[in-house]
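Note: the block below is protein35.cif and it holds mmCIF, C-alpha atoms.
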```cif
data_model
loop_
_atom_site.label_atom_id
_atom_site.label_comp_id
_atom_site.auth_asym_id
_atom_site.auth_seq_id
_atom_site.Cartn_x
_atom_site.Cartn_y
_atom_site.Cartn_z
CA MET A 268 69.43 186.74 168.78
CA LEU A 269 72.64 188.44 169.94
CA PHE A 270 73.24 188.77 173.68
CA MET A 271 75.98 191.30 174.40
CA SER A 272 75.71 191.31 178.24
CA SER A 273 75.52 194.27 180.60
CA PRO A 274 78.76 196.15 181.29
CA TYR A 275 77.72 196.31 184.95
CA ALA A 276 76.36 192.78 185.41
CA ASP A 277 79.02 191.89 187.96
CA LEU A 278 78.10 194.92 190.09
CA VAL A 279 74.42 194.05 190.16
CA LEU A 280 75.04 190.35 190.75
CA GLY A 281 77.44 191.14 193.58
CA TRP A 282 74.88 193.45 195.19
CA TYR A 283 72.20 190.76 194.83
CA ALA A 284 74.36 188.13 196.50
CA VAL A 285 74.42 190.29 199.63
CA ASN A 286 70.96 191.88 199.55
CA ALA A 287 68.57 189.31 198.05
CA ARG A 288 65.48 188.59 200.11
CA ASN A 289 64.90 185.00 201.20
CA LEU A 290 61.69 184.34 199.28
CA PRO A 291 60.29 180.80 199.04
CA TRP A 292 59.74 180.87 195.27
CA ARG A 293 63.48 181.53 194.83
CA ALA A 294 64.55 178.52 196.90
CA PRO A 295 66.69 175.86 195.17
CA GLY A 296 64.58 173.07 193.69
CA VAL A 297 61.28 174.95 193.83
CA SER A 298 58.84 173.47 191.31
CA PRO A 299 57.83 175.26 188.09
CA TRP A 300 54.22 175.17 189.36
CA ALA A 301 55.28 177.03 192.52
CA VAL A 302 57.08 179.63 190.41
CA LEU A 303 53.96 180.14 188.29
CA VAL A 304 51.74 180.49 191.38
CA SER A 305 54.10 183.11 192.80
CA GLU A 306 54.20 185.09 189.55
CA ILE A 307 50.41 185.12 189.22
CA MET A 308 49.95 186.15 192.86
CA LEU A 309 52.59 188.89 192.64
CA GLN A 310 50.77 190.68 189.82
CA GLN A 311 49.76 194.07 191.30
CA THR A 312 50.14 192.65 194.82
CA PRO A 313 52.99 193.31 197.30
CA VAL A 314 55.23 190.50 198.54
CA SER A 315 54.03 190.91 202.14
CA ARG A 316 50.46 190.00 201.16
CA VAL A 317 51.49 187.25 198.77
CA LEU A 318 53.70 185.26 201.17
CA PRO A 319 50.97 183.75 203.41
CA ALA A 320 48.61 183.21 200.46
CA TYR A 321 51.35 181.50 198.45
CA GLN A 322 52.26 179.14 201.28
CA ALA A 323 48.61 178.28 201.98
CA TRP A 324 47.87 177.69 198.28
CA LEU A 325 50.80 175.32 197.75
CA GLY A 326 50.10 173.60 201.05
CA ARG A 327 46.68 172.74 199.68
CA TRP A 328 47.54 172.29 195.99
CA PRO A 329 51.24 171.43 195.57
CA THR A 330 50.71 170.32 191.96
CA PRO A 331 48.49 171.34 189.04
CA ALA A 332 46.68 167.98 189.28
CA ALA A 333 45.77 168.64 192.91
CA LEU A 334 44.14 171.96 192.00
CA ALA A 335 42.44 170.58 188.90
CA ALA A 336 40.76 167.91 191.03
CA ASP A 337 38.88 170.57 193.03
CA PRO A 338 36.06 172.84 191.79
CA ALA A 339 36.98 176.27 190.46
CA GLY A 340 35.00 177.82 193.29
CA GLU A 341 37.47 176.41 195.80
CA ALA A 342 40.27 178.28 194.04
CA VAL A 343 38.28 181.50 194.36
CA ARG A 344 37.58 180.76 198.03
CA GLN A 345 41.25 180.01 198.78
CA TRP A 346 42.30 183.20 197.00
CA GLY A 347 40.67 185.10 199.84
CA ARG A 348 41.29 188.84 199.91
CA LEU A 349 44.37 188.81 197.70
CA GLY A 350 42.55 190.89 195.08
CA TYR A 351 41.87 190.46 191.36
CA PRO A 352 40.23 187.03 191.93
CA ARG A 353 40.03 186.22 188.24
CA ARG A 354 43.66 185.20 188.72
CA ALA A 355 42.41 182.27 190.80
CA LEU A 356 40.12 181.14 187.99
CA ARG A 357 42.92 181.41 185.45
CA LEU A 358 45.20 179.33 187.68
CA HIS A 359 42.49 176.69 187.94
CA GLU A 360 42.01 176.68 184.17
CA THR A 361 45.75 176.40 183.68
CA ALA A 362 45.99 173.54 186.17
CA THR A 363 43.24 171.68 184.30
CA ILE A 364 44.98 172.13 180.93
CA VAL A 365 48.41 171.21 182.29
CA THR A 366 46.98 168.08 183.91
CA SER A 367 45.18 166.88 180.78
CA LYS A 368 47.53 168.09 178.03
CA TYR A 369 50.97 168.00 179.65
CA ALA A 370 50.60 165.08 182.08
CA GLY A 371 50.69 167.46 185.04
CA GLU A 372 54.03 169.04 184.16
CA LEU A 373 54.15 172.75 183.34
CA PRO A 374 55.46 173.36 179.78
CA SER A 375 58.89 174.95 179.65
CA THR A 376 58.87 177.23 176.61
CA ARG A 377 57.68 180.81 176.53
CA GLU A 378 55.41 180.06 173.57
CA GLU A 379 53.66 177.15 175.32
CA LEU A 380 53.29 179.17 178.52
CA LEU A 381 51.78 182.10 176.61
CA ALA A 382 49.02 179.80 175.36
CA LEU A 383 47.82 179.08 178.90
CA PRO A 384 44.93 181.11 180.42
CA GLY A 385 45.86 184.40 182.05
CA ILE A 386 49.57 184.19 181.20
CA GLY A 387 50.88 187.25 179.38
CA ALA A 388 54.27 188.17 177.96
CA TYR A 389 55.87 189.02 181.29
CA THR A 390 54.64 185.94 183.17
CA ALA A 391 55.55 183.56 180.34
CA ALA A 392 59.08 184.96 180.21
CA ALA A 393 59.45 184.97 184.00
CA VAL A 394 58.39 181.33 184.38
CA ALA A 395 60.56 180.22 181.44
CA VAL A 396 63.56 182.00 183.01
CA PHE A 397 63.08 181.38 186.73
CA ALA A 398 61.64 177.85 186.54
CA PHE A 399 63.45 176.47 183.50
CA GLY A 400 66.58 178.57 183.15
CA ARG A 401 65.80 179.84 179.67
CA LYS A 402 67.12 183.16 178.40
CA HIS A 403 64.55 185.91 177.87
CA ALA A 404 64.11 189.54 178.81
CA VAL A 405 61.96 189.69 181.96
CA LEU A 406 60.40 193.14 182.10
CA ASP A 407 58.35 193.83 185.20
CA THR A 408 57.75 197.31 186.62
CA ASN A 409 60.91 197.21 188.73
CA VAL A 410 63.20 196.10 185.90
CA ARG A 411 61.75 198.68 183.52
CA ARG A 412 62.31 201.46 186.07
CA VAL A 413 65.95 200.46 186.69
CA LEU A 414 66.77 200.27 182.99
CA SER A 415 64.92 203.51 182.26
CA ARG A 416 67.01 205.36 184.83
CA VAL A 417 70.37 203.74 184.29
CA GLU A 418 70.31 203.51 180.50
CA SER A 419 67.90 206.21 179.31
CA GLY A 420 68.12 208.87 182.03
CA ARG A 421 64.35 208.91 182.56
CA GLU A 422 62.77 208.65 185.98
CA PHE A 423 60.00 206.33 184.77
CA PRO A 424 59.43 204.25 181.64
CA GLY A 425 56.32 204.54 179.49
CA ALA A 426 53.00 202.95 180.37
CA GLN A 427 53.72 199.80 178.36
CA PRO A 428 57.02 198.11 177.40
CA SER A 429 58.21 199.17 173.97
CA VAL A 430 60.11 197.20 171.34
CA ALA A 431 63.16 199.32 172.17
CA GLU A 432 62.90 198.32 175.85
CA TYR A 433 62.82 194.64 174.97
CA ARG A 434 65.81 195.03 172.67
CA LEU A 435 67.74 196.86 175.37
CA ALA A 436 66.88 194.26 178.03
CA GLU A 437 67.88 191.43 175.69
CA SER A 438 71.18 193.11 174.85
CA LEU A 439 72.06 193.29 178.56
CA LEU A 440 71.54 189.57 179.26
CA PRO A 441 74.76 187.73 180.21
CA ALA A 442 75.81 185.02 177.75
CA ASP A 443 75.51 182.11 180.19
CA ASP A 444 71.91 180.97 180.68
CA ALA A 445 72.19 180.45 184.45
CA VAL A 446 73.90 183.80 184.96
CA ALA A 447 71.29 185.49 182.75
CA ALA A 448 68.49 184.08 184.92
CA ARG A 449 70.23 185.32 188.07
CA TRP A 450 70.82 188.73 186.45
CA SER A 451 67.10 189.00 185.64
CA VAL A 452 66.04 188.45 189.24
CA ALA A 453 68.89 190.65 190.54
CA VAL A 454 67.76 193.67 188.51
CA MET A 455 64.19 193.04 189.65
CA GLU A 456 65.35 193.01 193.28
CA LEU A 457 67.38 196.19 192.76
CA GLY A 458 64.22 197.96 191.60
CA ALA A 459 62.15 196.58 194.47
CA LEU A 460 64.60 197.44 197.25
CA THR A 461 66.83 200.31 196.12
CA CYS A 462 65.79 201.93 192.83
CA THR A 463 62.24 202.35 194.09
CA ALA A 464 59.56 204.52 192.51
CA ALA A 465 58.96 206.95 195.38
CA ALA A 466 62.25 207.11 197.30
CA PRO A 467 65.24 205.70 195.39
CA ARG A 468 68.29 205.13 197.60
CA CYS A 469 70.95 206.14 195.08
CA ASP A 470 73.70 206.13 197.72
CA ASP A 471 73.17 202.38 198.13
CA CYS A 472 72.93 201.57 194.41
CA PRO A 473 75.71 199.41 192.94
CA VAL A 474 75.43 201.13 189.54
CA ALA A 475 75.07 204.73 190.72
CA GLN A 476 78.31 205.66 188.95
CA ARG A 477 76.82 204.46 185.65
CA CYS A 478 73.30 205.83 186.06
CA ALA A 479 72.30 208.35 183.39
CA TRP A 480 69.37 209.62 185.48
CA LEU A 481 71.54 210.28 188.53
CA ALA A 482 74.22 211.93 186.38
CA ALA A 483 71.56 214.26 184.96
CA GLY A 484 70.55 215.39 188.46
CA ARG A 485 67.56 213.03 188.84
CA PRO A 486 65.18 215.04 186.62
CA ALA A 487 61.53 214.52 187.53
CA ALA A 488 59.25 212.89 184.99
CA ALA A 489 56.72 215.13 183.27
CA GLU A 490 54.00 212.67 184.29
CA ARG A 491 54.25 210.50 187.38
CA PRO A 492 52.52 207.12 187.78
CA VAL A 493 49.13 207.56 189.41
CA GLY A 494 48.00 205.06 192.03
CA GLN A 495 44.60 203.43 191.67
CA THR A 496 41.79 204.49 193.99
CA TYR A 497 39.80 201.74 195.72
CA GLU A 498 37.32 203.22 198.19
CA GLY A 499 33.82 203.32 196.75
CA THR A 500 34.78 201.69 193.45
CA ASP A 501 33.10 198.82 191.64
CA ARG A 502 36.19 196.79 192.53
CA GLN A 503 35.56 197.33 196.24
CA CYS A 504 31.89 196.45 195.79
CA ARG A 505 32.83 193.26 193.93
CA GLY A 506 35.17 192.36 196.77
CA ARG A 507 32.42 192.78 199.37
CA LEU A 508 29.99 190.60 197.39
CA LEU A 509 32.59 187.93 196.76
CA ALA A 510 33.56 187.88 200.45
CA VAL A 511 29.98 186.92 201.39
CA LEU A 512 30.10 183.99 198.97
CA ARG A 513 33.58 182.92 200.04
CA ASP A 514 32.58 182.85 203.70
CA SER A 515 29.52 180.66 203.06
CA ARG A 516 29.57 176.97 202.23
CA GLU A 517 25.97 177.22 201.04
CA PRO A 518 24.45 179.29 198.21
CA VAL A 519 23.62 182.85 199.27
CA ALA A 520 20.30 184.65 198.94
CA GLN A 521 20.11 188.04 197.22
CA ALA A 522 19.21 189.71 200.52
CA ARG A 523 22.61 188.82 202.03
CA LEU A 524 24.38 190.45 199.12
CA ASP A 525 22.13 193.50 199.30
CA ALA A 526 23.16 194.02 202.92
CA VAL A 527 26.86 194.59 202.21
CA TRP A 528 26.59 197.48 199.71
CA PRO A 529 24.02 200.30 199.87
CA ASP A 530 24.07 201.54 196.26
CA HIS A 531 21.72 199.12 194.51
CA VAL A 532 22.71 200.27 191.00
CA GLN A 533 26.42 199.83 191.64
CA ARG A 534 25.77 196.57 193.48
CA ALA A 535 23.79 195.14 190.58
CA ARG A 536 26.47 196.22 188.12
CA ALA A 537 29.22 194.63 190.24
CA LEU A 538 27.26 191.39 190.63
CA ASP A 539 26.60 191.23 186.89
CA GLY A 540 30.34 191.68 186.34
CA LEU A 541 31.18 188.84 188.73
CA VAL A 542 28.75 186.56 186.91
CA ALA A 543 30.14 187.56 183.51
CA ASP A 544 33.69 186.88 184.72
CA GLY A 545 32.75 183.39 185.87
CA LEU A 546 33.42 184.18 189.52
CA VAL A 547 29.79 183.77 190.63
CA ASP A 548 27.13 181.30 189.52
CA PRO A 549 23.48 182.48 189.57
CA LEU A 550 21.27 179.54 190.55
CA PRO A 551 17.73 178.80 189.28
CA ASP A 552 16.24 179.47 192.72
CA GLY A 553 17.58 183.05 192.74
CA ARG A 554 20.54 182.37 195.03
CA PHE A 555 24.22 182.78 194.17
CA ALA A 556 27.28 180.58 194.68
CA LEU A 557 30.96 180.32 193.79
CA PRO A 558 31.53 178.44 190.50
CA ALA A 559 31.05 174.69 190.70
#
```

Please lay out the structure from this file as structure tokens.
Amino acid sequence: MLFMSSPYADLVLGWYAVNARNLPWRAPGVSPWAVLVSEIMLQQTPVSRVLPAYQAWLGRWPTPAALAADPAGEAVRQWGRLGYPRRALRLHETATIVTSKYAGELPSTREELLALPGIGAYTAAAVAVFAFGRKHAVLDTNVRRVLSRVESGREFPGAQPSVAEYRLAESLLPADDAVAARWSVAVMELGALTCTAAAPRCDDCPVAQRCAWLAAGRPAAAERPVGQTYEGTDRQCRGRLLAVLRDSREPVAQARLDAVWPDHVQRARALDGLVADGLVDPLPDGRFALPA
């Protein structure tokens, strides 16, 4: 694979050196496990909510073996109100596999990481780059938005990364592995802090002079990303039911679950979904519990 390097890498890296947030998963010497935990938690969840959950999780389970030694239900309980609790189950499954198959050490290649539960293309690349210094295109929402604007002149990229996006991102990687890893996180930070979705601060952007979207007058996208609703959804109902189970150290009777959501049809559907996802265990006596 040919890496040509970005013509504005120095500008972005210089900006990052001054503006980077002090986040614990970026600290020198942070373990690959800690990087993976941060990447899983940061999926569809803002940094401000992740920080306390991340610190509490690693305080309790600093290694995959420590998590694997506890029941899966404890992972769900510790996840709390972070949202999308299946991520907790996937982390527990991954910890179990890493402990038994890899002697407790997270594998370092993108291909091995992709084979672990709940790890997709982005997360595998991110962990390989940020934890192990490998060279891959890391395309999260922020990176895709920056490259779409600077290189393609479009306000927003498509719904899913395309082959052309990956090729572009790969072509911009600096030749040196360590610099490429720093470039990847620097572009991500630029999208999070400056080239934001709703209110980009183009006057503060280090590559404003090279931005095709800014040069074109910042044309609005034909279709703008639509935020997800939450109030009244099955997802909210699932969260209410799971909160009852998380807050109890004993199995919970059906009546306690019935009390937290009035729509019995939606409640039953949400509970069935939690059971199907492995987040709730139905017991023979009719009560419910977190997975053993």

Selection dump of the PyMOL selection byres ((chain A and resi 423) around 12), as a ChimeraX atom specification: /A:408-422,424-428,458,462-465,467,480,485-493

Distance query A:Tyr275 at most 9 Å, only C-alpha atoms, self and fewer than 5 positions along chain excluded, as a count of residues only: 4

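Evaluated on this file, the PyMOL selection byres ((chain A and resi 359) around 8) matches A:Leu334, A:Ala335, A:Ala339, A:Ala342, A:Ala355, A:Leu356, A:Arg357, A:Leu358, A:Glu360, A:Thr361, A:Ala362, A:Thr363.
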
For atom CA of A:Val304 and atom CA of A:Trp292, the interatomic separation in Å (one decimal): 8.9 Å

Distance query A:Pro331 at most 7 Å, all atoms listed in the file, self and fewer than 5 positions along chain excluded, as a ChimeraX atom specification: /A:300,362,365-366,371

Atomic distance atom CA of A:Tyr389 - atom CA of A:Glu306, expressed in Å with one decimal: 9.3 Å

Chain and number of each residue from the PyMOL selection byres ((chain A and resi 552) around 12), as a VMD selection string: chain A and resid 518 to 521 548 to 551 553 to 556

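Counting from atom CA of A:Arg377, the distance to atom CA of A:Met455 is 19.1 Å.
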
Nearby residues (all atoms listed in the file) at most 12 Å from A:Pro319, same-chain spacing under 2 positions excluded, as JSON, numbers by chain: {"A": [290, 291, 305, 308, 313, 314, 315, 316, 317, 321, 322, 323, 324, 325, 326, 345, 346, 347, 348, 349]}

A:Leu440 surroundings by all atoms listed in the file, 12 Å radius, close-in-sequence under 4 positions cut, as a count of residues only: 31

Proximity to A:Ala535 - best of A:Ala391, A:Leu512, A:Cys504, A:Ala382, all atoms listed in the file: A:Cys504

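Residues lying within 8 Å of A:Asp514, counting all atoms listed in the file and ignoring same-chain neighbours fewer than 3 positions away, are Arg344, Ala510 and Val511 of chain A.
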
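Using all atoms listed in the file, the shortest contact distance between A:Glu517 and any of A:Val285, A:Phe397, A:Ala479, A:Pro558 is found at A:Pro558.
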